[in-house]
file work24.csv (CSV, C-alpha atoms)
chain,number,residue,atom,x,y,z
A,1,MET,CA,92.6,121.1,164.1
A,2,ASN,CA,95.3,122.8,162.1
A,3,ILE,CA,93.7,126.2,161.2
A,4,GLU,CA,96.3,127.2,158.6
A,5,ARG,CA,95.7,123.9,156.8
A,6,PHE,CA,91.9,124.3,156.9
A,7,HIS,CA,92.2,127.9,155.5
A,8,GLN,CA,94.4,126.6,152.6
A,9,GLN,CA,91.7,124.0,151.8
A,10,LEU,CA,89.0,126.7,152.0
A,11,ARG,CA,90.9,129.0,149.8
A,12,PHE,CA,91.2,126.2,147.2
A,13,ILE,CA,87.5,125.3,147.4
A,14,GLU,CA,86.6,129.0,146.9
A,15,GLU,CA,89.1,129.3,143.9
A,16,ILE,CA,87.8,126.3,142.0
A,17,ASP,CA,84.3,127.8,142.0
A,18,ARG,CA,85.6,129.6,138.9
A,19,LEU,CA,85.5,126.4,136.9
A,20,LYS,CA,81.8,127.0,136.7
A,21,LEU,CA,82.6,130.1,134.6
A,22,VAL,CA,84.8,128.2,132.0
A,23,HIS,CA,82.7,127.5,128.9
A,24,ARG,CA,83.3,124.6,126.6
A,25,GLN,CA,82.3,124.4,123.0
A,26,THR,CA,79.9,121.6,123.7
A,27,LEU,CA,76.2,122.5,123.8
A,28,LEU,CA,73.9,121.2,126.5
A,29,MET,CA,71.6,118.4,125.2
A,30,ASP,CA,68.7,120.9,124.8
A,31,SER,CA,71.0,123.2,122.8
A,32,SER,CA,70.1,126.1,125.2
A,33,ARG,CA,73.7,127.1,125.9
A,34,GLN,CA,77.3,125.9,126.1
A,35,GLU,CA,78.3,123.6,128.8
A,36,ASN,CA,80.7,124.7,131.6
A,37,SER,CA,83.7,122.6,132.7
A,38,ALA,CA,82.4,122.1,136.3
A,39,GLU,CA,79.1,120.6,135.2
A,40,HIS,CA,80.9,118.6,132.5
A,41,SER,CA,83.2,117.1,135.2
A,42,TRP,CA,80.1,116.1,137.3
A,43,HIS,CA,78.6,114.4,134.2
A,44,LEU,CA,81.9,112.5,133.6
A,45,ALA,CA,81.9,111.4,137.3
A,46,MET,CA,78.3,110.1,136.9
A,47,MET,CA,79.3,108.3,133.7
A,48,ALA,CA,82.2,106.7,135.6
A,49,LEU,CA,79.7,105.2,138.1
A,50,LEU,CA,77.4,104.0,135.3
A,51,LEU,CA,79.8,102.7,132.6
A,52,HIS,CA,82.9,101.3,134.4
A,53,GLU,CA,81.9,97.8,133.4
A,54,TYR,CA,83.0,98.7,129.9
A,55,ALA,CA,86.6,99.5,130.8
A,56,ASP,CA,89.2,97.3,129.2
A,57,THR,CA,90.7,96.2,132.5
A,58,PRO,CA,89.3,93.9,135.2
A,59,GLU,CA,90.6,95.8,138.2
A,60,LEU,CA,89.6,99.3,137.7
A,61,ASP,CA,89.9,101.5,140.9
A,62,LEU,CA,86.6,103.4,140.5
A,63,LEU,CA,87.4,106.0,143.2
A,64,HIS,CA,90.6,106.8,141.4
A,65,VAL,CA,88.8,107.2,138.0
A,66,VAL,CA,86.2,109.5,139.7
A,67,LYS,CA,89.0,111.6,141.2
A,68,LEU,CA,90.7,111.9,137.8
A,69,VAL,CA,87.6,113.2,136.1
A,70,LEU,CA,86.7,115.6,138.9
A,71,VAL,CA,90.1,117.2,138.7
A,72,HIS,CA,91.1,116.9,135.0
A,73,ASP,CA,89.8,120.3,133.9
A,74,LEU,CA,90.8,122.4,136.9
A,75,VAL,CA,93.7,124.0,135.1
A,76,GLU,CA,91.2,125.6,132.7
A,77,ILE,CA,90.5,128.1,135.5
A,78,ASP,CA,93.7,129.9,134.4
A,79,ALA,CA,94.4,128.3,131.0
A,80,GLY,CA,90.8,128.4,129.6
A,81,ASP,CA,89.2,125.6,127.7
A,82,THR,CA,91.1,124.8,124.5
A,83,PHE,CA,88.8,123.5,121.7
A,84,CYS,CA,90.1,120.1,120.7
A,85,TYR,CA,89.8,120.9,116.9
A,86,ASP,CA,91.6,124.3,117.2
A,87,THR,CA,95.2,123.3,116.0
A,88,GLU,CA,96.8,126.7,116.8
A,89,ALA,CA,95.4,127.1,120.3
A,90,ASN,CA,96.7,123.6,121.1
A,91,LEU,CA,100.3,124.5,120.4
A,92,ASP,CA,100.9,126.3,123.7
A,93,LYS,CA,98.2,124.5,125.7
A,94,ALA,CA,100.7,122.4,127.7
A,95,THR,CA,102.7,125.4,128.8
A,96,ARG,CA,99.6,127.3,129.8
A,97,GLU,CA,98.3,124.4,131.8
A,98,GLN,CA,101.5,123.7,133.6
A,99,LEU,CA,101.6,127.2,134.9
A,100,ALA,CA,98.0,126.9,135.9
A,101,ALA,CA,98.6,123.7,137.8
A,102,SER,CA,101.5,125.2,139.7
A,103,ARG,CA,99.4,128.2,140.9
A,104,LEU,CA,96.2,126.3,141.6
A,105,PHE,CA,97.4,123.2,143.3
A,106,GLY,CA,100.0,125.4,145.1
A,107,LEU,CA,97.1,126.9,147.1
A,108,LEU,CA,96.6,123.6,148.9
A,109,PRO,CA,98.5,122.1,151.9
A,110,THR,CA,101.6,120.3,150.7
A,111,ASP,CA,100.3,116.7,150.8
A,112,GLN,CA,97.0,117.6,149.0
A,113,ALA,CA,98.9,119.8,146.5
A,114,ALA,CA,101.0,116.7,145.6
A,115,GLU,CA,98.0,114.4,145.4
A,116,PHE,CA,95.9,116.7,143.2
A,117,ARG,CA,98.8,117.6,140.9
A,118,ALA,CA,99.6,113.9,140.6
A,119,LEU,CA,96.0,113.2,139.6
A,120,TRP,CA,96.1,115.9,136.9
A,121,GLU,CA,99.5,114.7,135.6
A,122,GLU,CA,98.3,111.1,135.5
A,123,PHE,CA,95.2,112.1,133.4
A,124,GLU,CA,97.5,114.0,131.1
A,125,ALA,CA,100.1,111.2,130.7
A,126,GLN,CA,97.5,108.5,129.8
A,127,ALA,CA,99.8,105.8,131.1
A,128,THR,CA,97.5,104.0,133.6
A,129,PRO,CA,94.3,102.1,133.0
A,130,ALA,CA,92.4,104.5,135.3
A,131,ALA,CA,93.6,107.5,133.2
A,132,ARG,CA,92.7,105.8,130.0
A,133,PHE,CA,89.2,105.0,131.1
A,134,ALA,CA,88.8,108.6,132.4
A,135,ASN,CA,89.8,109.7,128.9
A,136,VAL,CA,87.2,107.3,127.4
A,137,LEU,CA,84.5,109.2,129.3
A,138,ASP,CA,85.9,112.6,128.4
A,139,ARG,CA,85.7,111.7,124.7
A,140,LEU,CA,82.4,109.9,124.8
A,141,GLN,CA,80.5,112.6,126.6
A,142,PRO,CA,80.8,115.3,123.9
A,143,LEU,CA,79.9,112.6,121.3
A,144,LEU,CA,76.7,112.0,123.1
A,145,HIS,CA,76.0,115.8,123.2
A,146,ASN,CA,76.8,116.3,119.5
A,147,ASN,CA,74.6,113.3,118.7
A,148,ARG,CA,71.7,114.9,120.5
A,149,THR,CA,72.2,118.4,119.1
A,150,GLN,CA,72.1,117.8,115.3
A,151,GLY,CA,75.9,117.5,115.2
A,152,GLY,CA,76.5,120.3,117.8
A,153,THR,CA,80.1,121.5,117.6
A,154,TRP,CA,80.9,119.2,114.6
A,155,ARG,CA,78.4,121.1,112.5
A,156,ILE,CA,79.2,124.6,114.0
A,157,HIS,CA,82.9,124.1,113.3
A,158,ASN,CA,82.6,122.1,110.0
A,159,VAL,CA,84.6,119.2,111.4
A,160,THR,CA,85.2,116.1,109.3
A,161,ARG,CA,84.5,112.5,110.2
A,162,ASP,CA,88.2,111.5,110.1
A,163,ARG,CA,89.1,114.1,112.6
A,164,VAL,CA,86.4,113.0,115.0
A,165,VAL,CA,87.5,109.4,114.6
A,166,GLU,CA,91.0,110.4,115.6
A,167,ARG,CA,89.6,112.3,118.6
A,168,MET,CA,87.6,109.3,119.6
A,169,ARG,CA,90.4,106.8,119.2
A,170,PRO,CA,91.0,106.4,123.0
A,171,ILE,CA,87.6,104.8,123.2
A,172,GLN,CA,88.7,102.1,120.9
A,173,THR,CA,91.6,101.1,123.1
A,174,GLY,CA,90.1,102.0,126.6
A,175,ALA,CA,86.6,100.6,126.1
A,176,PRO,CA,86.7,98.5,122.9
A,177,THR,CA,83.1,97.2,123.3
A,178,LEU,CA,81.9,100.8,122.8
A,179,TRP,CA,83.7,101.3,119.5
A,180,PRO,CA,80.9,100.0,117.3
A,181,PHE,CA,78.5,102.4,118.9
A,182,VAL,CA,80.9,105.3,118.3
A,183,ASN,CA,81.1,104.4,114.6
A,184,GLN,CA,77.4,104.0,114.3
A,185,VAL,CA,76.8,107.5,115.8
A,186,LEU,CA,79.3,109.0,113.3
A,187,ASP,CA,77.8,107.1,110.4
A,188,GLU,CA,74.3,108.5,111.2
A,189,ALA,CA,75.7,112.0,111.7
A,190,VAL,CA,77.2,111.9,108.2
A,191,ALA,CA,74.1,110.4,106.8
A,192,ASN,CA,72.0,113.2,108.4
A,193,GLY,CA,74.4,116.0,107.2
A,194,TYR,CA,75.5,116.8,110.7
A,195,LEU,CA,79.1,115.8,110.1
A,196,ARG,CA,81.2,116.3,107.0
A,197,PRO,CA,82.3,112.9,105.5
A,198,GLY,CA,85.9,114.1,105.3
A,199,PRO,CA,88.6,114.3,102.7
B,1,MET,CA,77.7,93.4,125.3
B,2,ASN,CA,74.1,93.8,126.2
B,3,ILE,CA,72.8,96.4,123.9
B,4,GLU,CA,69.5,97.0,125.7
B,5,ARG,CA,71.4,97.6,128.9
B,6,PHE,CA,73.8,100.0,127.3
B,7,HIS,CA,70.9,102.0,125.7
B,8,GLN,CA,69.2,102.3,129.1
B,9,GLN,CA,72.4,103.6,130.6
B,10,LEU,CA,72.8,106.1,127.7
B,11,ARG,CA,69.2,107.2,128.1
B,12,PHE,CA,69.8,108.0,131.8
B,13,ILE,CA,73.1,109.8,131.0
B,14,GLU,CA,71.3,112.0,128.5
B,15,GLU,CA,68.4,112.6,130.9
B,16,ILE,CA,70.5,113.8,133.8
B,17,ASP,CA,72.0,116.5,131.6
B,18,ARG,CA,68.9,118.4,132.7
B,19,LEU,CA,70.4,118.8,136.2
B,20,LYS,CA,72.5,121.5,134.6
B,21,LEU,CA,69.3,123.5,134.0
B,22,VAL,CA,68.1,123.3,137.6
B,23,HIS,CA,69.0,126.6,139.4
B,24,ARG,CA,69.6,126.9,143.1
B,25,GLN,CA,69.2,130.0,145.2
B,26,THR,CA,72.9,130.1,145.9
B,27,LEU,CA,75.0,132.6,144.0
B,28,LEU,CA,78.4,131.8,142.4
B,29,MET,CA,81.3,133.2,144.4
B,30,ASP,CA,81.7,136.1,142.0
B,31,SER,CA,77.9,136.8,142.3
B,32,SER,CA,77.5,136.7,138.5
B,33,ARG,CA,74.6,134.2,138.5
B,34,GLN,CA,72.8,131.5,140.5
B,35,GLU,CA,74.5,128.1,140.7
B,36,ASN,CA,73.0,125.1,139.1
B,37,SER,CA,72.6,121.7,140.8
B,38,ALA,CA,75.1,119.8,138.5
B,39,GLU,CA,78.0,122.1,139.2
B,40,HIS,CA,77.0,122.2,142.8
B,41,SER,CA,77.2,118.4,142.9
B,42,TRP,CA,80.7,118.6,141.4
B,43,HIS,CA,81.8,121.2,144.0
B,44,LEU,CA,80.6,118.9,146.8
B,45,ALA,CA,82.5,115.9,145.3
B,46,MET,CA,85.6,118.0,145.3
B,47,MET,CA,85.0,119.0,148.9
B,48,ALA,CA,84.6,115.4,149.8
B,49,LEU,CA,88.1,114.7,148.4
B,50,LEU,CA,89.5,117.7,150.3
B,51,LEU,CA,87.8,117.7,153.7
B,52,HIS,CA,87.1,114.0,154.5
B,53,GLU,CA,89.7,114.2,157.3
B,54,TYR,CA,87.1,116.3,159.3
B,55,ALA,CA,84.4,113.6,159.3
B,56,ASP,CA,83.4,112.4,162.7
B,57,THR,CA,84.1,108.8,161.9
B,58,PRO,CA,87.4,107.0,161.5
B,59,GLU,CA,86.3,104.6,158.7
B,60,LEU,CA,84.7,106.8,156.1
B,61,ASP,CA,84.2,105.2,152.7
B,62,LEU,CA,85.2,108.1,150.5
B,63,LEU,CA,83.9,106.6,147.2
B,64,HIS,CA,80.5,106.1,148.9
B,65,VAL,CA,80.5,109.7,150.1
B,66,VAL,CA,81.3,110.9,146.6
B,67,LYS,CA,78.6,108.8,145.1
B,68,LEU,CA,76.1,110.2,147.6
B,69,VAL,CA,76.9,113.8,146.7
B,70,LEU,CA,77.0,113.2,143.0
B,71,VAL,CA,73.5,111.6,143.1
B,72,HIS,CA,71.8,113.5,145.9
B,73,ASP,CA,70.2,116.3,143.8
B,74,LEU,CA,69.2,114.2,140.7
B,75,VAL,CA,65.5,114.2,141.7
B,76,GLU,CA,65.4,118.0,141.2
B,77,ILE,CA,65.3,117.3,137.5
B,78,ASP,CA,61.6,116.7,138.0
B,79,ALA,CA,60.9,118.1,141.4
B,80,GLY,CA,62.9,121.4,141.1
B,81,ASP,CA,65.2,122.8,143.7
B,82,THR,CA,63.3,123.6,146.9
B,83,PHE,CA,64.8,126.6,148.7
B,84,CYS,CA,65.6,125.4,152.2
B,85,TYR,CA,64.1,128.5,153.9
B,86,ASP,CA,60.8,128.2,152.0
B,87,THR,CA,58.5,126.6,154.6
B,88,GLU,CA,55.5,126.1,152.3
B,89,ALA,CA,57.5,124.6,149.3
B,90,ASN,CA,59.0,122.1,151.7
B,91,LEU,CA,55.6,120.7,152.7
B,92,ASP,CA,55.2,118.5,149.6
B,93,LYS,CA,58.9,118.2,148.7
B,94,ALA,CA,59.1,114.6,149.8
B,95,THR,CA,56.2,113.5,147.6
B,96,ARG,CA,57.5,115.3,144.6
B,97,GLU,CA,60.9,113.8,145.0
B,98,GLN,CA,59.7,110.3,145.5
B,99,LEU,CA,57.8,110.5,142.2
B,100,ALA,CA,60.9,111.9,140.5
B,101,ALA,CA,63.1,109.1,141.9
B,102,SER,CA,60.8,106.5,140.5
B,103,ARG,CA,60.8,107.9,137.1
B,104,LEU,CA,64.5,108.8,136.8
B,105,PHE,CA,66.1,105.8,138.4
B,106,GLY,CA,63.5,103.6,136.5
B,107,LEU,CA,65.3,104.5,133.3
B,108,LEU,CA,68.3,102.5,134.4
B,109,PRO,CA,68.9,98.7,134.2
B,110,THR,CA,67.4,97.0,137.3
B,111,ASP,CA,70.7,96.6,139.2
B,112,GLN,CA,71.8,100.2,138.7
B,113,ALA,CA,68.3,101.5,139.3
B,114,ALA,CA,68.4,99.8,142.7
B,115,GLU,CA,71.9,101.0,143.5
B,116,PHE,CA,71.2,104.7,142.6
B,117,ARG,CA,67.8,104.8,144.3
B,118,ALA,CA,69.4,103.3,147.4
B,119,LEU,CA,72.1,106.0,147.3
B,120,TRP,CA,69.5,108.8,147.1
B,121,GLU,CA,67.4,107.2,149.9
B,122,GLU,CA,70.5,106.8,152.1
B,123,PHE,CA,71.3,110.5,151.7
B,124,GLU,CA,67.8,111.4,152.5
B,125,ALA,CA,67.6,109.1,155.6
B,126,GLN,CA,70.8,110.5,157.2
B,127,ALA,CA,71.3,107.3,159.1
B,128,THR,CA,74.8,106.4,158.0
B,129,PRO,CA,78.1,108.1,158.7
B,130,ALA,CA,78.7,108.6,154.9
B,131,ALA,CA,75.3,110.2,154.5
B,132,ARG,CA,75.9,112.5,157.4
B,133,PHE,CA,79.2,113.6,156.1
B,134,ALA,CA,77.7,114.1,152.6
B,135,ASN,CA,75.1,116.4,154.3
B,136,VAL,CA,77.9,118.3,156.1
B,137,LEU,CA,79.3,119.2,152.7
B,138,ASP,CA,75.9,120.1,151.4
B,139,ARG,CA,75.4,122.5,154.3
B,140,LEU,CA,78.9,123.9,154.3
B,141,GLN,CA,79.1,124.8,150.6
B,142,PRO,CA,76.3,127.4,150.5
B,143,LEU,CA,77.7,128.9,153.8
B,144,LEU,CA,81.0,129.4,152.0
B,145,HIS,CA,79.2,131.0,149.0
B,146,ASN,CA,77.1,133.3,151.2
B,147,ASN,CA,80.2,134.2,153.1
B,148,ARG,CA,81.9,135.3,149.9
B,149,THR,CA,78.8,137.1,148.4
B,150,GLN,CA,78.0,139.6,151.2
B,151,GLY,CA,75.5,137.3,152.7
B,152,GLY,CA,74.1,136.1,149.4
B,153,THR,CA,70.8,134.2,149.9
B,154,TRP,CA,70.7,135.2,153.6
B,155,ARG,CA,70.6,138.8,152.7
B,156,ILE,CA,68.3,138.5,149.6
B,157,HIS,CA,65.7,136.5,151.6
B,158,ASN,CA,66.1,138.3,155.0
B,159,VAL,CA,67.0,135.1,156.8
B,160,THR,CA,67.8,135.3,160.5
B,161,ARG,CA,70.9,133.8,162.3
B,162,ASP,CA,68.9,131.3,164.3
B,163,ARG,CA,67.4,129.7,161.1
B,164,VAL,CA,70.8,129.4,159.6
B,165,VAL,CA,72.2,127.8,162.8
B,166,GLU,CA,69.4,125.2,162.6
B,167,ARG,CA,70.2,124.6,158.9
B,168,MET,CA,73.9,124.2,159.7
B,169,ARG,CA,73.3,121.9,162.7
B,170,PRO,CA,74.3,118.7,160.8
B,171,ILE,CA,77.8,120.1,160.6
B,172,GLN,CA,78.0,120.2,164.4
B,173,THR,CA,77.3,116.5,164.6
B,174,GLY,CA,78.9,115.3,161.4
B,175,ALA,CA,82.1,117.3,161.5
B,176,PRO,CA,82.3,118.9,165.0
B,177,THR,CA,85.8,120.4,164.5
B,178,LEU,CA,84.3,122.7,161.8
B,179,TRP,CA,81.6,124.0,164.1
B,180,PRO,CA,83.6,127.0,165.6
B,181,PHE,CA,84.3,128.1,162.0
B,182,VAL,CA,80.6,128.0,161.1
B,183,ASN,CA,79.8,130.2,164.1
B,184,GLN,CA,82.6,132.6,163.3
B,185,VAL,CA,81.3,133.0,159.8
B,186,LEU,CA,77.7,133.7,161.1
B,187,ASP,CA,79.0,136.2,163.7
B,188,GLU,CA,80.9,138.1,161.1
B,189,ALA,CA,77.9,138.1,158.7
B,190,VAL,CA,75.7,139.5,161.5
B,191,ALA,CA,78.4,142.1,162.4
B,192,ASN,CA,78.6,143.2,158.7
B,193,GLY,CA,74.8,143.4,158.4
B,194,TYR,CA,74.7,140.5,155.9
B,195,LEU,CA,72.6,138.3,158.2
B,196,ARG,CA,69.8,139.4,160.5
B,197,PRO,CA,70.6,138.7,164.2
B,198,GLY,CA,67.3,136.9,164.7
B,199,PRO,CA,64.2,137.2,166.8
call {"tool": "encode", "arguments": {"input": "work24.csv", "output": "C-alpha cells"}}
result
Amino acid sequence: MNIERFHQQLRFIEEIDRLKLVHRQTLLMDSSRQENSAEHSWHLAMMALLLHEYADTPELDLLHVVKLVLVHDLVEIDAGDTFCYDTEANLDKATREQLAASRLFGLLPTDQAAEFRALWEEFEAQATPAARFANVLDRLQPLLHNNRTQGGTWRIHNVTRDRVVERMRPIQTGAPTLWPFVNQVLDEAVANGYLRPGP
Amino acid sequence: MNIERFHQQLRFIEEIDRLKLVHRQTLLMDSSRQENSAEHSWHLAMMALLLHEYADTPELDLLHVVKLVLVHDLVEIDAGDTFCYDTEANLDKATREQLAASRLFGLLPTDQAAEFRALWEEFEAQATPAARFANVLDRLQPLLHNNRTQGGTWRIHNVTRDRVVERMRPIQTGAPTLWPFVNQVLDEAVANGYLRPGP
C-alpha cells in the first residue's frame, strides 16, 4: 500500500464534505429548505439509474453518466453555486470554476486528479452523449422540484417561461421523448400563476 | 413512450427526495450539523470511485458498488436512521425496513422495483464482494467524520473502543490493507480522550 497515495485520497474525501454546505436555489420538494449540492448530486445519480432508457443514444455508458453527475458540482466548493438565471454572476463563473478545479482535483494522486478533472471538463464541454444525458438530468431535476413547490425558484425570482424553455433545451436534444412532459409542466405552471408567461 | 411507466418513475424520484430529511448521528466534518442520508450516500459513491483499488477482490463491478451505496439507505425514508450503537432500536430495525422496502420500491415499474429491491437486499445480506466493499465504505466514512470532529458521535454517545472495533470489522475483511489505518485512528482517538478505551 502506498501511504502517500492513500493520504491524498483521504484529504480529498475530507475536502469534498464541504459540498454538503453549498446551497442551491432549488427548494426541497416539501419546501422546508434549500437543497445542497451534495444531496442534489445523489438525486441525479439515482435519476441516471432510473431514467437512462430515455437517453437519445443506444449505447450509453451508465457508470460514466453516474460519475459525471457525482463530480459535476464539486468546483462549487470554492466557486459557490451560480444561480442559472443570474446573468451577472454567470459572467465570471468559468474563471472561478477553473481555479476551483485546479485546487480541488490537485489534492488527488496524479492519475485520479487527471480522471476527475477530465470528468468535470467533459460535463462542461457537453460534447459526448454521456455528458449530454448527465445535463438532461441536471435540468430535469430542478423542474421536478419547482413543479412540486408551486413554482419554487421560478416564482421566487420572477422567471419567465421563455427563459425556462431555453434552460431546459438540452432535454429536447438529449432525451427528446421527455420534451412533451417538460412543456406540459411549464404550461400548467403558467396556468396556475407559478411561472410568468413571458414577454 | 409508456406514460404510466414514466409517471411511476417520477413518483419514485419525488418520493426519495425525503432521504434529504433523514438525519444521521454523524456530524459534518466542520461539526456544523448532522449529516443527512442523501448526502451521505453521495459521499459513499464518491469514495467508491476513489478507493475501489483497496477492495479485497480483483474483479469488482464498480457500477454495481455505486448502485448499492446510492440505494442502501432509501428504506430510512420510512424506517428512519437507526443509530448503530443503539441496541434497543436495532431490535425491530429489520422489520421496519422490510415494510419500508415494500412500500418504496413498490412505487416503481415492476422491473425496476425488482432491481432496486434486489440491490437493497444484496447490501443487507453482505454475501457478495460488491456488497462487502459497499459496506467497507459505509463503515469507513463515519470513522473519517469522527476522526475530524474530536470523536464526534463516539464522544457524544460515550462509545468504547471495543464496540467501534466490532463495528469496523467489515473493513478488516473487505479491504484488509486499510485495517492498520483504522486501528491507528482509534488509537489516536483514545490517546486524545475522544474515545473511551473500553471495558
call {"tool": "closest_residue", "arguments": {"input": "work24.csv", "among": "B:Ala130, B:Cys84, B:Val190, B:Met1", "to": "chain A", "atoms": "all atoms listed in the file"}}
result
B:Met1
call {"tool": "closest_residue", "arguments": {"input": "work24.csv", "among": "B:Thr177, B:Gln8, B:Thr95, B:Asp73", "to": "chain A", "atoms": "only C-alpha atoms"}}
result
B:Thr177
call {"tool": "interface_residues", "arguments": {"input": "work24.csv", "of": "chain B", "to": "chain A", "cutoff": "7 Å", "atoms": "all atoms listed in the file", "output": "MDAnalysis selection string"}}
result
chainID B and resid 1 9 13 17 20 29 38:39 41:42 46:47 50 63 70 177
call {"tool": "residues_around", "arguments": {"input": "work24.csv", "residues": "Ala134 (chain B)", "least_positions_apart": "4", "cutoff": "9 Å", "atoms": "all atoms listed in the file", "output": "list in words"}}
result
Leu44, Ala45, Ala48, Val65, Val66, Leu68, Val69, His72, Phe123, Pro129, Ala130, Asp138, Arg139 and Gly174 of chain B
call {"tool": "write_last_selection", "arguments": {"input": "work24.csv", "atoms": "C-alpha atoms", "output": "PDB file, keeping the file's coordinate frame"}}
result
ATOM      1  CA  LEU B  44      80.600 118.900 146.800  1.00  0.00           C
ATOM      2  CA  ALA B  45      82.500 115.900 145.300  1.00  0.00           C
ATOM      3  CA  ALA B  48      84.600 115.400 149.800  1.00  0.00           C
ATOM      4  CA  VAL B  65      80.500 109.700 150.100  1.00  0.00           C
ATOM      5  CA  VAL B  66      81.300 110.900 146.600  1.00  0.00           C
ATOM      6  CA  LEU B  68      76.100 110.200 147.600  1.00  0.00           C
ATOM      7  CA  VAL B  69      76.900 113.800 146.700  1.00  0.00           C
ATOM      8  CA  HIS B  72      71.800 113.500 145.900  1.00  0.00           C
ATOM      9  CA  PHE B 123      71.300 110.500 151.700  1.00  0.00           C
ATOM     10  CA  PRO B 129      78.100 108.100 158.700  1.00  0.00           C
ATOM     11  CA  ALA B 130      78.700 108.600 154.900  1.00  0.00           C
ATOM     12  CA  ASP B 138      75.900 120.100 151.400  1.00  0.00           C
ATOM     13  CA  ARG B 139      75.400 122.500 154.300  1.00  0.00           C
ATOM     14  CA  GLY B 174      78.900 115.300 161.400  1.00  0.00           C
TER      15      GLY B 174
END
call {"tool": "closest_residue", "arguments": {"input": "work24.csv", "among": "B:Ala55, B:Leu91, B:Arg117, B:Ala131", "to": "Trp179 (chain B)", "atoms": "all atoms listed in the file"}}
result
B:Ala55
call {"tool": "atom_distance", "arguments": {"input": "work24.csv", "atom1": "CA of Pro197 (chain B)", "atom2": "CA of Asp162 (chain B)"}}
result
7.6 Å
call {"tool": "atom_distance", "arguments": {"input": "work24.csv", "atom1": "CA of Arg196 (chain B)", "atom2": "CA of Pro180 (chain B)"}}
result
19.2 Å
call {"tool": "closest_residue", "arguments": {"input": "work24.csv", "among": "B:Asp61, B:Pro199, B:Val22, B:Arg132", "to": "Asp78 (chain B)", "atoms": "all atoms listed in the file"}}
result
B:Val22
call {"tool": "atom_distance", "arguments": {"input": "work24.csv", "atom1": "CA of Leu74 (chain A)", "atom2": "CA of Gln150 (chain B)"}}
result
25.8 Å
call {"tool": "closest_residue", "arguments": {"input": "work24.csv", "among": "B:Thr57, B:Thr82, B:Asn2, B:Gln184", "to": "Glu97 (chain B)", "atoms": "only C-alpha atoms"}}
result
B:Thr82
call {"tool": "build_atoms", "arguments": {"input": "work24.csv", "residues": "region 167-178 of chain A", "atoms": "N, CA, C and O atoms", "output": "compact mmCIF listing (two decimals), in the coordinates of the input"}}
result
# COMPACT_ATOMS: atom_id res chain seq x y z
N ARG A 167 89.93 111.77 117.22
CA ARG A 167 89.60 112.30 118.60
C ARG A 167 89.05 111.18 119.46
O ARG A 167 89.31 111.14 120.66
N MET A 168 88.24 110.31 118.86
CA MET A 168 87.60 109.30 119.60
C MET A 168 88.41 108.02 119.82
O MET A 168 88.04 107.12 120.57
N ARG A 169 89.58 107.95 119.15
CA ARG A 169 90.40 106.80 119.20
C ARG A 169 90.66 106.19 120.58
O ARG A 169 90.68 104.95 120.75
N PRO A 170 90.84 107.01 121.62
CA PRO A 170 91.00 106.40 123.00
C PRO A 170 89.90 105.52 123.42
O PRO A 170 90.12 104.65 124.27
N ILE A 171 88.71 105.71 122.87
CA ILE A 171 87.60 104.80 123.20
C ILE A 171 87.87 103.43 122.69
O ILE A 171 87.58 102.42 123.35
N GLN A 172 88.44 103.36 121.48
CA GLN A 172 88.70 102.10 120.90
C GLN A 172 89.65 101.21 121.71
O GLN A 172 89.46 100.00 121.83
N THR A 173 90.64 101.86 122.31
CA THR A 173 91.60 101.10 123.10
C THR A 173 91.12 100.97 124.58
O THR A 173 91.31 99.93 125.20
N GLY A 174 90.48 102.01 125.14
CA GLY A 174 90.10 102.00 126.60
C GLY A 174 88.82 101.32 126.88
O GLY A 174 88.60 100.89 128.02
N ALA A 175 87.93 101.22 125.88
CA ALA A 175 86.60 100.60 126.10
C ALA A 175 86.17 100.01 124.74
O ALA A 175 85.19 100.48 124.15
N PRO A 176 86.90 99.00 124.24
CA PRO A 176 86.70 98.50 122.90
C PRO A 176 85.25 98.08 122.56
O PRO A 176 84.81 98.22 121.41
N THR A 177 84.50 97.62 123.55
CA THR A 177 83.10 97.20 123.30
C THR A 177 82.24 98.38 122.86
O THR A 177 81.18 98.19 122.29
N LEU A 178 82.67 99.60 123.19
CA LEU A 178 81.90 100.80 122.80
C LEU A 178 82.18 101.31 121.43
O LEU A 178 81.48 102.19 120.93
